[in-house]
>>> print(open('coords.cif').read())   # mmCIF, C-alpha atoms and all ligand atoms
data_run
#
loop_
_atom_site.label_atom_id
_atom_site.label_comp_id
_atom_site.auth_asym_id
_atom_site.auth_seq_id
_atom_site.Cartn_x
_atom_site.Cartn_y
_atom_site.Cartn_z
CA MET A 1 126.82 100.15 109.56
CA THR A 2 127.04 97.15 107.24
CA ALA A 3 125.93 97.87 103.69
CA GLY A 4 123.49 95.95 101.53
CA PRO A 5 121.01 93.16 102.28
CA VAL A 6 121.15 91.11 105.49
CA GLU A 7 123.36 88.06 104.88
CA ARG A 8 121.38 84.84 104.38
CA GLY A 9 121.94 81.60 106.31
CA HIS A 10 122.26 83.12 109.79
CA TRP A 11 119.61 83.74 112.43
CA VAL A 12 117.15 86.60 112.18
CA LEU A 13 115.50 87.27 115.53
CA ILE A 14 111.86 88.36 115.35
CA ALA A 15 110.57 89.66 118.67
CA GLY A 16 106.79 89.41 118.58
CA GLY A 17 107.14 86.75 115.89
CA ALA A 18 103.99 84.92 117.04
CA GLY A 19 101.89 88.05 116.54
CA PHE A 20 99.98 89.19 113.49
CA ILE A 21 102.63 91.03 111.45
CA GLY A 22 105.52 89.21 113.18
CA SER A 23 104.33 85.76 112.12
CA HIS A 24 103.97 86.86 108.49
CA LEU A 25 107.54 88.17 108.72
CA CYS A 26 108.69 84.76 110.02
CA ASP A 27 107.24 83.17 106.85
CA ARG A 28 108.72 85.78 104.52
CA LEU A 29 112.22 85.71 106.02
CA LEU A 30 112.34 81.91 106.05
CA ASP A 31 111.32 81.97 102.39
CA ALA A 32 114.18 84.43 101.75
CA GLY A 33 116.73 81.91 103.10
CA HIS A 34 117.24 83.12 106.67
CA ARG A 35 117.01 81.04 109.81
CA VAL A 36 114.44 82.54 112.15
CA ILE A 37 114.31 82.68 115.94
CA CYS A 38 110.92 83.87 117.12
CA VAL A 39 110.88 85.39 120.61
CA ASP A 40 107.40 85.92 122.03
CA ASP A 41 105.80 85.74 125.46
CA LEU A 42 102.43 84.89 123.88
CA SER A 43 100.74 87.74 125.79
CA THR A 44 99.08 88.89 122.59
CA GLY A 45 100.73 86.59 120.04
CA ARG A 46 99.44 83.09 119.41
CA ARG A 47 101.30 79.81 119.07
CA ALA A 48 98.83 78.87 116.31
CA ASN A 49 100.34 81.62 114.12
CA ILE A 50 103.69 79.78 114.02
CA ALA A 51 102.48 76.17 114.44
CA HIS A 52 103.22 75.45 110.75
CA LEU A 53 106.89 76.42 111.28
CA GLU A 54 107.74 74.65 114.51
CA ARG A 55 109.09 71.41 112.99
CA ARG A 56 111.56 73.19 110.70
CA ASP A 57 115.21 73.10 111.75
CA ASP A 58 115.76 76.62 110.40
CA PHE A 59 113.12 77.93 112.85
CA CYS A 60 113.15 78.09 116.61
CA PHE A 61 110.74 79.49 119.17
CA LEU A 62 111.83 81.06 122.45
CA GLU A 63 108.89 81.77 124.77
CA ARG A 64 110.09 84.79 126.66
CA ASP A 65 109.23 88.37 127.64
CA VAL A 66 111.80 90.62 125.96
CA CYS A 67 111.69 92.87 129.05
CA ALA A 68 113.20 90.12 131.25
CA GLY A 69 116.94 90.30 131.94
CA GLY A 70 119.45 87.89 130.42
CA LEU A 71 118.06 88.06 126.88
CA VAL A 72 121.49 87.99 125.19
CA ASP A 73 122.38 84.70 126.94
CA ALA A 74 118.94 83.18 126.43
CA VAL A 75 119.11 83.86 122.69
CA ALA A 76 122.65 82.46 122.44
CA ALA A 77 121.50 79.25 124.19
CA ALA A 78 118.41 78.89 121.98
CA ILE A 79 120.44 79.07 118.75
CA ASP A 80 123.32 77.06 120.16
CA GLY A 81 125.94 79.79 119.82
CA GLY A 82 124.90 80.64 116.25
CA ARG A 83 125.16 84.12 114.74
CA VAL A 84 122.32 86.62 114.67
CA SER A 85 122.45 88.79 111.55
CA ALA A 86 119.35 90.90 112.24
CA VAL A 87 116.97 91.70 115.10
CA LEU A 88 113.42 92.84 114.31
CA HIS A 89 111.43 94.36 117.17
CA LEU A 90 107.73 93.70 116.58
CA ALA A 91 106.95 92.92 120.23
CA SER A 92 104.13 95.10 121.57
CA PRO A 93 100.39 95.09 121.98
CA ALA A 94 99.22 97.08 118.94
CA SER A 95 95.45 97.31 119.09
CA PRO A 96 94.14 100.33 121.06
CA PRO A 97 91.80 98.39 123.43
CA VAL A 98 94.57 95.85 124.08
CA TYR A 99 97.32 98.36 124.84
CA LEU A 100 94.89 100.46 126.91
CA ALA A 101 94.23 97.35 129.01
CA ARG A 102 98.00 96.77 129.45
CA PRO A 103 99.38 100.28 129.87
CA LEU A 104 102.47 99.44 131.92
CA GLU A 105 103.44 96.40 129.85
CA THR A 106 103.15 98.51 126.69
CA LEU A 107 105.46 101.20 128.07
CA ALA A 108 107.89 98.51 129.28
CA VAL A 109 108.15 96.69 125.95
CA GLY A 110 108.79 99.97 124.13
CA SER A 111 111.51 101.01 126.59
CA THR A 112 113.14 98.07 128.43
CA GLY A 113 112.23 95.64 125.65
CA THR A 114 113.80 97.89 123.03
CA ALA A 115 116.97 98.31 125.15
CA ASN A 116 117.27 94.52 125.61
CA LEU A 117 116.79 93.82 121.91
CA ILE A 118 119.32 96.49 120.92
CA ALA A 119 121.75 94.76 123.33
CA VAL A 120 121.24 91.50 121.40
CA ALA A 121 121.85 93.30 118.09
CA GLU A 122 124.99 94.95 119.44
CA ALA A 123 126.31 91.67 120.90
CA HIS A 124 126.15 90.15 117.39
CA ALA A 125 126.97 93.32 115.39
CA ALA A 126 123.57 92.63 113.79
CA ARG A 127 121.20 95.00 112.01
CA PHE A 128 118.32 96.24 114.20
CA LEU A 129 114.89 97.03 112.77
CA LEU A 130 112.38 98.81 114.99
CA ALA A 131 108.68 98.44 114.20
CA SER A 132 107.45 101.94 114.92
CA THR A 133 104.05 103.28 114.04
CA SER A 134 101.92 105.98 112.46
CA GLU A 135 100.88 106.71 116.06
CA VAL A 136 104.13 108.69 116.49
CA TYR A 137 102.24 111.35 114.45
CA GLY A 138 99.37 111.28 116.99
CA ASP A 139 96.30 113.26 115.91
CA PRO A 140 98.17 114.80 112.98
CA LEU A 141 98.13 118.46 112.01
CA GLU A 142 99.86 117.66 108.72
CA HIS A 143 98.18 115.55 106.08
CA PRO A 144 99.32 113.23 104.60
CA GLN A 145 102.05 112.43 107.09
CA THR A 146 105.66 112.58 105.90
CA GLU A 147 108.55 111.21 107.95
CA THR A 148 109.74 114.76 108.66
CA TYR A 149 106.53 115.58 110.60
CA TRP A 150 107.16 115.46 114.39
CA GLY A 151 103.62 114.63 115.39
CA ASN A 152 100.89 115.82 117.75
CA VAL A 153 100.73 113.45 120.73
CA ASN A 154 99.11 114.07 124.12
CA PRO A 155 101.93 112.88 126.40
CA ILE A 156 99.65 112.09 129.36
CA GLY A 157 96.57 110.90 127.44
CA GLU A 158 95.49 107.24 127.63
CA ARG A 159 96.89 106.52 124.19
CA SER A 160 100.31 107.85 125.16
CA VAL A 161 101.25 104.45 126.60
CA TYR A 162 101.61 103.22 123.03
CA ASP A 163 102.48 106.44 121.20
CA GLU A 164 105.15 107.62 123.63
CA ALA A 165 106.57 104.11 124.06
CA LYS A 166 107.13 103.97 120.30
CA ARG A 167 108.50 107.52 120.22
CA PHE A 168 110.91 106.59 123.03
CA ALA A 169 111.87 103.40 121.15
CA GLU A 170 112.70 105.54 118.10
CA ALA A 171 114.73 107.93 120.28
CA LEU A 172 116.65 105.03 121.86
CA THR A 173 117.33 103.48 118.46
CA ALA A 174 118.54 106.81 117.02
CA ALA A 175 120.76 107.41 120.08
CA HIS A 176 122.41 103.99 119.71
CA GLN A 177 122.84 104.69 116.01
CA ARG A 178 124.69 107.93 116.81
CA ALA A 179 126.60 106.81 119.91
CA ASN A 180 127.51 103.21 119.03
CA GLY A 181 127.08 103.01 115.28
CA LEU A 182 124.07 100.66 115.62
CA ASP A 183 123.07 99.47 112.14
CA ALA A 184 119.42 100.53 112.53
CA ARG A 185 116.26 100.74 110.46
CA ILE A 186 112.96 102.28 111.60
CA VAL A 187 109.68 101.39 109.92
CA ARG A 188 106.55 103.40 110.72
CA ILE A 189 103.74 100.93 110.17
CA PHE A 190 100.28 102.26 109.27
CA ASN A 191 97.01 100.35 109.81
CA THR A 192 97.55 96.81 108.57
CA TYR A 193 95.01 93.99 108.20
CA GLY A 194 94.78 90.44 106.94
CA PRO A 195 94.77 86.79 108.01
CA ARG A 196 95.88 85.96 111.60
CA MET A 197 94.45 89.08 113.20
CA GLN A 198 92.92 87.95 116.45
CA PRO A 199 89.10 88.06 116.02
CA ASP A 200 88.64 89.90 119.33
CA ASP A 201 91.58 92.31 119.00
CA GLY A 202 89.12 95.23 118.90
CA ARG A 203 90.50 96.94 115.81
CA VAL A 204 88.14 98.35 113.27
CA VAL A 205 88.84 95.88 110.45
CA THR A 206 88.55 92.80 112.66
CA ASN A 207 85.48 94.10 114.47
CA LEU A 208 83.56 95.04 111.33
CA VAL A 209 84.52 91.93 109.33
CA HIS A 210 83.51 89.55 112.14
CA GLN A 211 80.34 91.52 112.93
CA ALA A 212 79.30 91.43 109.26
CA LEU A 213 80.06 87.70 108.98
CA GLU A 214 77.93 87.05 112.06
CA GLY A 215 75.08 89.36 110.97
CA ARG A 216 75.60 91.72 113.93
CA PRO A 217 75.42 95.54 113.58
CA LEU A 218 78.71 97.20 112.64
CA THR A 219 80.11 99.30 115.51
CA ILE A 220 81.06 102.81 114.37
CA TYR A 221 82.88 104.94 116.92
CA GLY A 222 81.90 108.61 116.67
CA ASP A 223 80.27 109.66 113.39
CA GLY A 224 82.52 107.43 111.27
CA THR A 225 84.02 110.32 109.27
CA GLN A 226 87.49 109.78 110.77
CA THR A 227 89.90 108.31 108.23
CA ARG A 228 92.49 105.53 108.13
CA SER A 229 94.56 104.06 105.27
CA PHE A 230 94.57 100.26 105.34
CA CYS A 231 97.44 98.12 104.09
CA TYR A 232 97.15 94.39 103.37
CA VAL A 233 99.66 92.39 105.42
CA ASP A 234 101.52 90.91 102.41
CA ASP A 235 102.20 94.42 101.09
CA GLU A 236 103.24 95.57 104.56
CA THR A 237 105.73 92.73 105.14
CA ALA A 238 107.17 93.14 101.62
CA GLY A 239 107.86 96.79 102.47
CA ILE A 240 109.39 95.94 105.85
CA VAL A 241 111.75 93.38 104.29
CA ALA A 242 112.70 95.84 101.52
CA LEU A 243 113.64 98.33 104.24
CA LEU A 244 115.51 95.68 106.24
CA ASP A 245 117.63 94.83 103.19
CA SER A 246 118.24 98.47 102.26
CA ASP A 247 120.79 101.04 103.38
CA VAL A 248 118.08 103.53 104.40
CA THR A 249 118.75 104.47 108.02
CA GLY A 250 116.09 107.16 108.68
CA PRO A 251 112.43 106.33 109.43
CA VAL A 252 110.29 105.11 106.52
CA ASN A 253 106.47 105.06 106.36
CA ILE A 254 105.20 101.71 105.13
CA GLY A 255 101.47 101.77 104.53
CA ASN A 256 98.82 102.06 101.87
CA PRO A 257 98.10 105.71 100.96
CA ASN A 258 94.49 105.01 99.91
CA GLU A 259 92.47 106.77 102.59
CA PHE A 260 88.95 105.75 103.69
CA THR A 261 86.51 106.97 106.30
CA VAL A 262 85.38 104.32 108.77
CA LEU A 263 81.92 104.52 107.15
CA GLU A 264 83.46 103.81 103.73
CA LEU A 265 85.25 100.79 105.23
CA ALA A 266 81.93 99.55 106.65
CA ASN A 267 80.26 99.98 103.27
CA THR A 268 83.08 98.14 101.47
CA ILE A 269 82.66 95.18 103.84
CA ARG A 270 78.85 95.21 103.41
CA THR A 271 79.26 95.22 99.63
CA ILE A 272 81.80 92.36 99.57
CA LEU A 273 79.62 90.18 101.80
CA ASP A 274 76.37 91.43 100.26
CA VAL A 275 74.82 91.94 103.69
CA ASP A 276 73.16 94.88 105.41
CA PRO A 277 73.57 94.37 109.14
CA GLY A 278 73.00 98.03 110.11
CA LEU A 279 75.23 100.33 112.12
CA GLU A 280 75.59 100.86 115.86
CA HIS A 281 77.20 104.17 116.86
CA ARG A 282 79.40 104.22 119.96
CA PRO A 283 81.44 107.04 121.59
CA LEU A 284 84.75 107.96 120.03
CA PRO A 285 87.72 106.83 122.19
CA SER A 286 89.83 109.65 123.68
CA ASP A 287 92.55 111.17 121.49
CA ASP A 288 91.37 109.07 118.52
CA PRO A 289 93.20 110.51 115.46
CA LYS A 290 90.74 112.20 113.06
CA ILE A 291 92.75 111.56 109.92
CA ARG A 292 95.64 109.33 108.88
CA GLN A 293 97.34 108.78 105.54
CA PRO A 294 100.96 107.92 104.87
CA ASP A 295 103.05 109.87 102.41
CA ILE A 296 105.10 106.99 100.94
CA THR A 297 107.40 109.01 98.70
CA ARG A 298 110.46 107.80 100.64
CA ALA A 299 109.43 104.14 100.35
CA ARG A 300 108.67 104.53 96.64
CA THR A 301 111.88 106.34 95.75
CA LEU A 302 114.38 104.74 98.15
CA LEU A 303 113.01 101.18 98.32
CA GLY A 304 111.12 100.90 95.03
CA TRP A 305 108.18 99.66 97.11
CA GLU A 306 104.51 100.46 96.96
CA PRO A 307 101.42 98.46 97.93
CA ALA A 308 99.68 96.44 95.23
CA ILE A 309 96.55 95.05 96.92
CA THR A 310 93.35 97.11 97.00
CA LEU A 311 91.17 97.29 100.10
CA ALA A 312 88.41 95.26 98.43
CA ASP A 313 90.87 92.52 97.34
CA GLY A 314 92.59 92.41 100.72
CA LEU A 315 89.31 92.21 102.61
CA ALA A 316 88.13 89.40 100.32
CA ARG A 317 91.34 87.47 101.05
CA MET A 318 90.98 88.04 104.78
CA ILE A 319 87.34 86.91 104.72
CA ALA A 320 88.27 83.78 102.71
CA SER A 321 90.92 82.92 105.29
CA ILE A 322 88.48 83.36 108.21
CA ARG A 323 85.93 81.17 106.44
CA SER A 324 88.43 78.41 105.64
CA ALA A 325 89.69 78.40 109.26
CA SER A 326 86.15 77.95 110.59
CA ASN A 327 85.37 75.03 108.27
N1 LIG A 401 86.66 102.07 115.23
C1 LIG A 401 85.31 101.96 114.92
N2 LIG A 401 84.68 100.80 115.24
C2 LIG A 401 85.31 99.75 115.83
C3 LIG A 401 86.68 99.86 116.13
C4 LIG A 401 87.32 101.04 115.81
O1 LIG A 401 84.70 102.90 114.39
O2 LIG A 401 84.64 98.73 116.08
C5 LIG A 401 87.38 103.29 114.82
C6 LIG A 401 88.34 103.88 115.83
O3 LIG A 401 87.70 104.77 116.73
C7 LIG A 401 89.34 104.59 114.93
C8 LIG A 401 89.38 103.71 113.69
O4 LIG A 401 88.19 102.96 113.71
O5 LIG A 401 88.86 105.86 114.58
C9 LIG A 401 90.58 102.78 113.64
O6 LIG A 401 90.64 102.11 114.87
P1 LIG A 401 91.63 100.91 115.16
O7 LIG A 401 91.39 100.49 116.57
O8 LIG A 401 91.53 99.86 114.13
O9 LIG A 401 93.11 101.49 115.01
P2 LIG A 401 93.82 102.89 115.21
O10 LIG A 401 94.10 103.38 113.85
O11 LIG A 401 92.91 103.84 115.96
O12 LIG A 401 95.03 102.54 115.99
#
>>> encode(input="coords.cif", output="structure tokens", more="lines below")
Ligand code: UDP
Amino acid sequence: MTAGPVERGHWVLIAGGAGFIGSHLCDRLLDAGHRVICVDDLSTGRRANIAHLERRDDFCFLERDVCAGGLVDAVAAAIDGGRVSAVLHLASPASPPVYLARPLETLAVGSTGTANLIAVAEAHAARFLLASTSEVYGDPLEHPQTETYWGNVNPIGERSVYDEAKRFAEALTAAHQRANGLDARIVRIFNTYGPRMQPDDGRVVTNLVHQALEGRPLTIYGDGTQTRSFCYVDDETAGIVALLDSDVTGPVNIGNPNEFTVLELANTIRTILDVDPGLEHRPLPSDDPKIRQPDITRARTLLGWEPAITLADGLARMIASIRSASN
């Protein structure tokens, strides 16, 4: 393991860099003085998310599925034999309806994709950061969730294509860490929202914000008493970069510990927009976690990180960005 922050001036590879969180990481790591190679097959990412970066000579885009063979050579060719100092694996569908529609691709990117990206990191003796998820805790029996909790996942349920893929990706990362000395970091990302979420991604924040903006009823799955803890994307990416630059090798929860029911989220959005579009109840998806809240003691104490943006502020920023894009 190399100690200290990732050295500036070399290439940081961001797999899934045209996606929601990945594209914000491209911006943040370029600002920090890295060169960035974004690898994305655009299956759920969007070229528009990185369009503002494409003319920069410290940025390059490789359109490619990370599950395809030959990734080490393809990366070397794209950066003209340059050095990769870190590999960040953000490549995966992340919204439940999207990963449920692509079950095999989701399992492949968590397994084969992770193996291929670790191979790139090992070829360059680079640091490897895995974007894992609160979904490794499944429908949790411990609340809030600490990193020492092993989770409650139905291994053959519909949702397992995402949950187990991420659990396998963590296992593979930890095995390479032990067997080969891979310089690895694992971030467990909790629900994140903000600009560049795809309007039709099907997640609760995007659905409710767009429904409220369009005066349509807000869709509440189940009775709306299930909870989530929502983190604004700028806070999330600040935490991920703090972990990347740290010496903390075990998993770290990065999320906002303020917990809301889905009904409270709907009410916050109605209040911000000063609208009352009504609610439309729909069935709860299978294995939908009933509660979720990160314990961020490790992030606070080891990284000195905690989120700063409230749900109301973050939603207002997201709504402003949607409005300015549609003007
Ligand atoms: N949900 C909802 N209405 C929607 C979309 C989602 O009530 O239009 C619920 C969903 O059942 C879950 C929570 O909101 O309980 C968060 O769902 P999301 O898909 O955003 O992410 P998850 O945390 O389940 O991965």
>>> residues_near_ligand(input="coords.cif", ligand="ligand LIG 401 (chain A)", cutoff="9 Å", atoms="only C-alpha atoms and all ligand atoms", output="ChimeraX atom specification")
/A:94-97,134-135,190-192,201-208,211,218-229,261-263,266,281-286,288-292
>>> closest_residue(input="coords.cif", among="A:Ile21, A:Glu147, A:Asn116, A:Gly45", to="Cys67 (chain A)", atoms="only C-alpha atoms")
A:Asn116
>>> atom_distance(input="coords.cif", atom1="CA of Gly19 (chain A)", atom2="CA of Asp234 (chain A)")
14.4 Å
>>> closest_residue(input="coords.cif", among="A:Asn49, A:Thr44, A:Thr114, A:Ser160", to="Ala68 (chain A)", atoms="all atoms listed in the file")
A:Thr114
>>> atom_distance(input="coords.cif", atom1="CA of Val84 (chain A)", atom2="CA of Gly194 (chain A)")
28.9 Å
>>> residues_around(input="coords.cif", residues="region 122-129 of chain A", least_positions_apart="3", cutoff="6 Å", atoms="all atoms listed in the file", output="list of chain:residue names")
A:Val84, A:Ser85, A:Ala86, A:Val87, A:Leu88, A:Ala119, A:Asp183, A:Ala184, A:Arg185, A:Ile186
>>> decode(input="coords.cif", residues="region 105-141 of chain A", atoms="N, CA and C atoms", output="compact mmCIF listing (two decimals), in the first residue's frame")
# COMPACT_ATOMS: atom_id res chain seq x y z
N GLU A 105 -26.41 -7.79 -16.66
CA GLU A 105 -25.37 -6.77 -16.83
C GLU A 105 -24.91 -6.25 -15.46
N THR A 106 -25.86 -6.14 -14.52
CA THR A 106 -25.52 -5.62 -13.19
C THR A 106 -24.60 -6.60 -12.45
N LEU A 107 -24.93 -7.90 -12.55
CA LEU A 107 -24.05 -8.91 -11.93
C LEU A 107 -22.68 -8.92 -12.61
N ALA A 108 -22.67 -8.73 -13.94
CA ALA A 108 -21.39 -8.79 -14.67
C ALA A 108 -20.49 -7.61 -14.30
N VAL A 109 -21.07 -6.43 -14.18
CA VAL A 109 -20.21 -5.26 -13.92
C VAL A 109 -19.66 -5.30 -12.49
N GLY A 110 -20.42 -5.93 -11.58
CA GLY A 110 -19.91 -6.08 -10.21
C GLY A 110 -18.85 -7.16 -10.09
N SER A 111 -18.88 -8.14 -10.97
CA SER A 111 -17.92 -9.26 -10.88
C SER A 111 -16.81 -9.10 -11.93
N THR A 112 -17.12 -9.36 -13.21
CA THR A 112 -16.10 -9.25 -14.26
C THR A 112 -15.56 -7.82 -14.35
N GLY A 113 -16.45 -6.86 -14.27
CA GLY A 113 -16.01 -5.45 -14.37
C GLY A 113 -15.05 -5.10 -13.24
N THR A 114 -15.37 -5.57 -12.03
CA THR A 114 -14.48 -5.29 -10.90
C THR A 114 -13.12 -5.96 -11.11
N ALA A 115 -13.14 -7.22 -11.58
CA ALA A 115 -11.87 -7.94 -11.82
C ALA A 115 -11.03 -7.19 -12.86
N ASN A 116 -11.67 -6.75 -13.94
CA ASN A 116 -10.92 -6.05 -15.00
C ASN A 116 -10.34 -4.72 -14.50
N LEU A 117 -11.08 -4.02 -13.67
CA LEU A 117 -10.59 -2.72 -13.18
C LEU A 117 -9.49 -2.92 -12.14
N ILE A 118 -9.60 -3.98 -11.34
CA ILE A 118 -8.51 -4.28 -10.40
C ILE A 118 -7.24 -4.62 -11.20
N ALA A 119 -7.41 -5.31 -12.33
CA ALA A 119 -6.25 -5.65 -13.17
C ALA A 119 -5.56 -4.36 -13.67
N VAL A 120 -6.35 -3.36 -14.02
CA VAL A 120 -5.76 -2.08 -14.45
C VAL A 120 -4.99 -1.45 -13.28
N ALA A 121 -5.62 -1.46 -12.10
CA ALA A 121 -4.94 -0.88 -10.92
C ALA A 121 -3.64 -1.62 -10.65
N GLU A 122 -3.68 -2.93 -10.71
CA GLU A 122 -2.47 -3.71 -10.40
C GLU A 122 -1.39 -3.51 -11.47
N ALA A 123 -1.80 -3.35 -12.73
CA ALA A 123 -0.81 -3.13 -13.80
C ALA A 123 -0.04 -1.82 -13.59
N HIS A 124 -0.69 -0.86 -12.93
CA HIS A 124 -0.06 0.46 -12.71
C HIS A 124 0.38 0.67 -11.27
N ALA A 125 0.24 -0.36 -10.41
CA ALA A 125 0.46 -0.20 -8.97
C ALA A 125 -0.31 1.02 -8.46
N ALA A 126 -1.56 1.14 -8.94
CA ALA A 126 -2.41 2.30 -8.60
C ALA A 126 -3.33 1.95 -7.44
N ARG A 127 -3.83 2.98 -6.78
CA ARG A 127 -4.84 2.79 -5.74
C ARG A 127 -6.17 2.42 -6.41
N PHE A 128 -6.96 1.56 -5.76
CA PHE A 128 -8.25 1.14 -6.31
C PHE A 128 -9.34 1.52 -5.32
N LEU A 129 -10.33 2.28 -5.78
CA LEU A 129 -11.47 2.62 -4.92
C LEU A 129 -12.73 1.99 -5.49
N LEU A 130 -13.37 1.16 -4.69
CA LEU A 130 -14.63 0.52 -5.08
C LEU A 130 -15.80 1.32 -4.54
N ALA A 131 -16.72 1.69 -5.45
CA ALA A 131 -17.98 2.29 -5.00
C ALA A 131 -18.92 1.17 -4.62
N SER A 132 -19.02 0.90 -3.33
CA SER A 132 -19.99 -0.07 -2.84
C SER A 132 -21.22 0.71 -2.37
N THR A 133 -22.03 0.09 -1.58
CA THR A 133 -23.37 0.65 -1.37
C THR A 133 -23.96 0.27 -0.02
N SER A 134 -24.89 1.08 0.44
CA SER A 134 -25.68 0.73 1.62
C SER A 134 -26.48 -0.55 1.38
N GLU A 135 -26.69 -0.92 0.12
CA GLU A 135 -27.45 -2.14 -0.18
C GLU A 135 -26.74 -3.40 0.30
N VAL A 136 -25.43 -3.32 0.62
CA VAL A 136 -24.79 -4.51 1.19
C VAL A 136 -25.42 -4.85 2.55
N TYR A 137 -26.09 -3.88 3.18
CA TYR A 137 -26.77 -4.14 4.46
C TYR A 137 -28.18 -4.71 4.24
N GLY A 138 -28.66 -4.69 2.99
CA GLY A 138 -29.97 -5.24 2.66
C GLY A 138 -31.08 -4.55 3.43
N ASP A 139 -32.04 -5.36 3.91
CA ASP A 139 -33.13 -4.85 4.75
C ASP A 139 -32.60 -4.98 6.19
N PRO A 140 -32.01 -3.92 6.74
CA PRO A 140 -31.12 -4.10 7.89
C PRO A 140 -31.83 -4.41 9.20
N LEU A 141 -31.20 -5.27 9.98
CA LEU A 141 -31.71 -5.61 11.31
C LEU A 141 -30.97 -4.82 12.38
